[in-house]
Amino acid sequence: MPYYTDSHSGKALFYEDSGEGQPVVFIHPPGMGRMVFKMQHELAAKYRILLPDLSGNGDSDVVTHSPDITWYAREVISLLDHLQLESAVIAGYSCGGMVAQETALTYPERARAVILAGGFPKVETGGLRFEFHGGMYWVEKSPETLAKLLSHSHFKDEKLKRELNEHMAKSDHEAWHAFYDRALHYDCSHRLENLRQPLLLVYGSKEFWISEHSHFYQACPQAKMVVIEDAYHQTPATHYDRFNEAASQFIDAL
């Protein structure tokens with residue numbers, strides 16, 4: 001598995017690279033790292049799948065204990081530069097979707113399209129705000145407990161739970177907390193009219209406190225939404241078959 005040297009920091013950042021065809025970069029939420037996308041490996045049969053650990057997460061070096069969304073967007077671009085890729089589909093899950101949006105808005109020529117799984121341009125609902133504060137609380141109090149809770153909510157298979165749990169244990173606690181905090185105060189809602197790339201929104205039918213944010217994307221001229229029935233927020237992991245199918249159909253239509 002390869003590392004690359006981030007052009008802005010000089011630190012070593014880890015990523016997985018598999019498959020051929022249209023490049024797709026998957027961006028993870030705070031602390032979880034690339035292991036949360038284990039079920040997206042099967043997409044490498046059709047596309048080139050890139051799974052980075054953002055700095056301070058998983059196997060990547062800590063660049064700063066105060067990362068923000070713009071910082072992580074630059075890391076995505078550094079990965080594309082390293083691989084000499086002109087553009088890629090930028091996919092973000094949950095809070096990782098903020099990084100995906102910032103990447104597409106700041107570097108529009110590098111984002112072929114955008115996929116958001118449980119996406120939001122800012123934290124607007126009380127339910128989502130509660131989740132963010134809960135995440136920050138548990139990172140401070142017991143990151144081991146938070147890692148265990150998240151691994152169990154994403155996977156049923158014991159091996160996958162263990163792999164995600166062990167991967168999250170590698171994440172730097174200060175950077176993990178800062179990722180939550182900076183995302184809590186991030187807001188790109190007023191810029192969404194500039195997100196002109198094809199956009200796929202994927203929500204679970206039961207994550208109403210997050211899917212309520214979908215109204216913001218009416219400003220995006222090429223937005224499409226898919227709702228996965230009987231699913232909560234963790235669609236790339238818990239309902240990966242339907243998520244991967246929706247992503248594949250979207251990418252094939254580009």
# chains A, B, ... in the order shown; residues from 1 in each chain; ligands from 1
>>> residues_around(residues="Val114 of chain A", least_positions_apart="4", cutoff="12 Å", atoms="only C-alpha atoms", output="ChimeraX atom specification")
/A:23-27,87-93,96-105,108,110,119,195-202,220,222-225,247,250-251,254
>>> closest_atom_pairs(of="segment 27-121 of chain A", to="segment 137-144 of chain A", cutoff="12 Å", atoms="only C-alpha atoms", output="tab-separated table")
residue	atom	partner	partner_atom	distance
A:Pro30	CA	A:Val139	CA	10.2
A:Gly31	CA	A:Val139	CA	9.1
A:Met32	CA	A:Pro143	CA	11.2
>>> write_last_selection(atoms="N, CA, C and O atoms", output="short mmCIF file (atom, residue, chain, number, x, y, z; two decimals), in the first residue's frame")
data_model
loop_
_atom_site.label_atom_id
_atom_site.label_comp_id
_atom_site.auth_asym_id
_atom_site.auth_seq_id
_atom_site.Cartn_x
_atom_site.Cartn_y
_atom_site.Cartn_z
N PRO A 30 -14.54 12.01 10.32
CA PRO A 30 -13.50 12.15 11.34
C PRO A 30 -13.14 10.83 12.01
O PRO A 30 -14.02 10.08 12.45
N GLY A 31 -11.83 10.55 12.07
CA GLY A 31 -11.32 9.42 12.83
C GLY A 31 -11.45 8.07 12.18
O GLY A 31 -10.75 7.13 12.57
N MET A 32 -12.31 7.92 11.18
CA MET A 32 -12.64 6.59 10.69
C MET A 32 -11.63 6.07 9.67
O MET A 32 -11.38 4.86 9.59
#
>>> closest_residue(among="A:Ser78, A:Glu193, A:Asp68, A:Ala45", to="Gly10 of chain A", atoms="only C-alpha atoms")
A:Ser78
>>> residues_around(residues="Leu79 of chain A", least_positions_apart="2", cutoff="9 Å", atoms="only C-alpha atoms", output="PyMOL selection string")
chain A and resi 4-7+13+15+52+74-77+81-85
>>> select_by_dssp(residues="segment 59-247 of chain A", states="strand (DSSP E)", output="PyMOL selection string")
chain A and resi 88-93+111-117+199-204+223-228
>>> write_last_selection(atoms="N, CA and C atoms", output="CSV table (one decimal), in the first residue's frame")
chain,number,residue,atom,x,y,z
A,88,ALA,N,-11.2,13.7,-11.0
A,88,ALA,CA,-11.7,12.4,-10.4
A,88,ALA,C,-13.1,12.7,-9.9
A,89,VAL,N,-13.9,11.7,-9.8
A,89,VAL,CA,-15.2,11.8,-9.1
A,89,VAL,C,-14.8,11.9,-7.6
A,90,ILE,N,-15.3,12.9,-6.9
A,90,ILE,CA,-15.0,13.1,-5.5
A,90,ILE,C,-16.2,12.6,-4.6
A,91,ALA,N,-16.0,11.6,-3.9
A,91,ALA,CA,-17.1,11.0,-3.1
A,91,ALA,C,-16.8,11.2,-1.6
A,92,GLY,N,-17.8,11.7,-0.9
A,92,GLY,CA,-17.6,11.9,0.6
A,92,GLY,C,-18.8,11.3,1.4
A,93,TYR,N,-18.4,10.7,2.5
A,93,TYR,CA,-19.4,10.1,3.4
A,93,TYR,C,-19.5,11.0,4.6
A,111,ALA,N,-12.7,18.2,-10.1
A,111,ALA,CA,-13.8,17.3,-9.7
A,111,ALA,C,-14.7,17.0,-10.9
A,112,ARG,N,-14.6,15.8,-11.4
A,112,ARG,CA,-15.4,15.4,-12.5
A,112,ARG,C,-16.9,15.4,-12.1
A,113,ALA,N,-17.2,14.9,-10.9
A,113,ALA,CA,-18.5,14.9,-10.4
A,113,ALA,C,-18.4,14.7,-8.9
A,114,VAL,N,-19.5,14.8,-8.1
A,114,VAL,CA,-19.5,14.7,-6.7
A,114,VAL,C,-20.5,13.7,-6.2
A,115,ILE,N,-20.2,12.8,-5.3
A,115,ILE,CA,-21.1,11.9,-4.7
A,115,ILE,C,-21.1,12.2,-3.2
A,116,LEU,N,-22.3,12.4,-2.6
A,116,LEU,CA,-22.4,12.6,-1.1
A,116,LEU,C,-23.3,11.6,-0.5
A,117,ALA,N,-22.7,10.8,0.4
A,117,ALA,CA,-23.5,9.8,1.1
A,117,ALA,C,-23.9,10.5,2.5
A,199,LEU,N,-24.0,15.9,-9.5
A,199,LEU,CA,-24.0,15.6,-8.1
A,199,LEU,C,-25.0,14.6,-7.7
A,200,LEU,N,-24.5,13.5,-7.0
A,200,LEU,CA,-25.4,12.5,-6.5
A,200,LEU,C,-25.5,12.6,-5.0
A,201,LEU,N,-26.7,12.7,-4.5
A,201,LEU,CA,-27.0,12.6,-3.1
A,201,LEU,C,-27.6,11.3,-2.7
A,202,VAL,N,-27.1,10.6,-1.8
A,202,VAL,CA,-27.6,9.3,-1.3
A,202,VAL,C,-27.9,9.5,0.2
A,203,TYR,N,-29.2,9.2,0.5
A,203,TYR,CA,-29.6,9.3,1.9
A,203,TYR,C,-30.3,8.0,2.3
A,204,GLY,N,-30.3,7.6,3.6
A,204,GLY,CA,-31.1,6.5,4.1
A,204,GLY,C,-32.5,7.1,4.5
A,223,ALA,N,-28.1,18.2,-9.7
A,223,ALA,CA,-28.2,17.3,-8.6
A,223,ALA,C,-29.3,16.2,-8.8
A,224,LYS,N,-28.9,15.1,-8.3
A,224,LYS,CA,-29.8,13.9,-8.3
A,224,LYS,C,-29.8,13.3,-7.0
A,225,MET,N,-31.0,12.8,-6.5
A,225,MET,CA,-31.0,12.2,-5.1
A,225,MET,C,-31.6,10.8,-5.2
A,226,VAL,N,-31.0,9.9,-4.4
A,226,VAL,CA,-31.4,8.5,-4.3
A,226,VAL,C,-31.6,8.3,-2.8
A,227,VAL,N,-32.8,7.8,-2.4
A,227,VAL,CA,-33.1,7.4,-1.0
A,227,VAL,C,-33.2,5.9,-0.9
A,228,ILE,N,-32.4,5.4,0.0
A,228,ILE,CA,-32.3,4.0,0.2
A,228,ILE,C,-33.3,3.6,1.4
>>> closest_residue(among="A:Asp59, A:Ser18, A:Asn165, A:Asp187", to="Tyr47 of chain A", atoms="only C-alpha atoms")
A:Ser18
>>> select_by_dssp(residues="segment 61-142 of chain A", states="alpha helix (DSSP H)", output="ChimeraX atom specification")
/A:69-82,96-106,126-141
>>> closest_residue(among="A:Ser66, A:Asn57, A:Ser189, A:Ser94", to="Lys122 of chain A", atoms="only C-alpha atoms")
A:Ser189
>>> closest_residue(among="A:Val36, A:Ala169, A:Ala147, A:Leu184", to="His133 of chain A", atoms="only C-alpha atoms")
A:Leu184
>>> closest_residue(among="A:Ala12, A:Phe179, A:Trp209, A:Leu50", to="Trp71 of chain A", atoms="only C-alpha atoms")
A:Phe179
>>> decode(residues="segment 119-139 of chain A", atoms="C-alpha atoms", output="PDB file, in the first residue's frame")
ATOM      1  CA  GLY A 119     -24.267  14.856   2.807  1.00  0.00           C
ATOM      2  CA  PHE A 120     -24.821  18.324   4.269  1.00  0.00           C
ATOM      3  CA  PRO A 121     -23.281  21.733   3.471  1.00  0.00           C
ATOM      4  CA  LYS A 122     -23.503  22.833   7.098  1.00  0.00           C
ATOM      5  CA  VAL A 123     -24.764  21.450  10.387  1.00  0.00           C
ATOM      6  CA  GLU A 124     -28.281  22.853  10.577  1.00  0.00           C
ATOM      7  CA  THR A 125     -30.504  20.406  12.463  1.00  0.00           C
ATOM      8  CA  GLY A 126     -30.403  19.878  16.197  1.00  0.00           C
ATOM      9  CA  GLY A 127     -30.062  16.111  15.724  1.00  0.00           C
ATOM     10  CA  LEU A 128     -26.913  16.432  13.631  1.00  0.00           C
ATOM     11  CA  ARG A 129     -25.479  19.062  15.973  1.00  0.00           C
ATOM     12  CA  PHE A 130     -26.054  16.653  18.864  1.00  0.00           C
ATOM     13  CA  GLU A 131     -24.136  13.938  16.991  1.00  0.00           C
ATOM     14  CA  PHE A 132     -21.189  16.257  16.416  1.00  0.00           C
ATOM     15  CA  HIS A 133     -21.029  17.327  20.045  1.00  0.00           C
ATOM     16  CA  GLY A 134     -21.361  13.688  21.083  1.00  0.00           C
ATOM     17  CA  GLY A 135     -18.467  12.737  18.828  1.00  0.00           C
ATOM     18  CA  MET A 136     -16.241  15.458  20.273  1.00  0.00           C
ATOM     19  CA  TYR A 137     -17.210  14.471  23.820  1.00  0.00           C
ATOM     20  CA  TRP A 138     -16.299  10.829  23.300  1.00  0.00           C
ATOM     21  CA  VAL A 139     -13.020  11.654  21.527  1.00  0.00           C
TER      22      VAL A 139
END
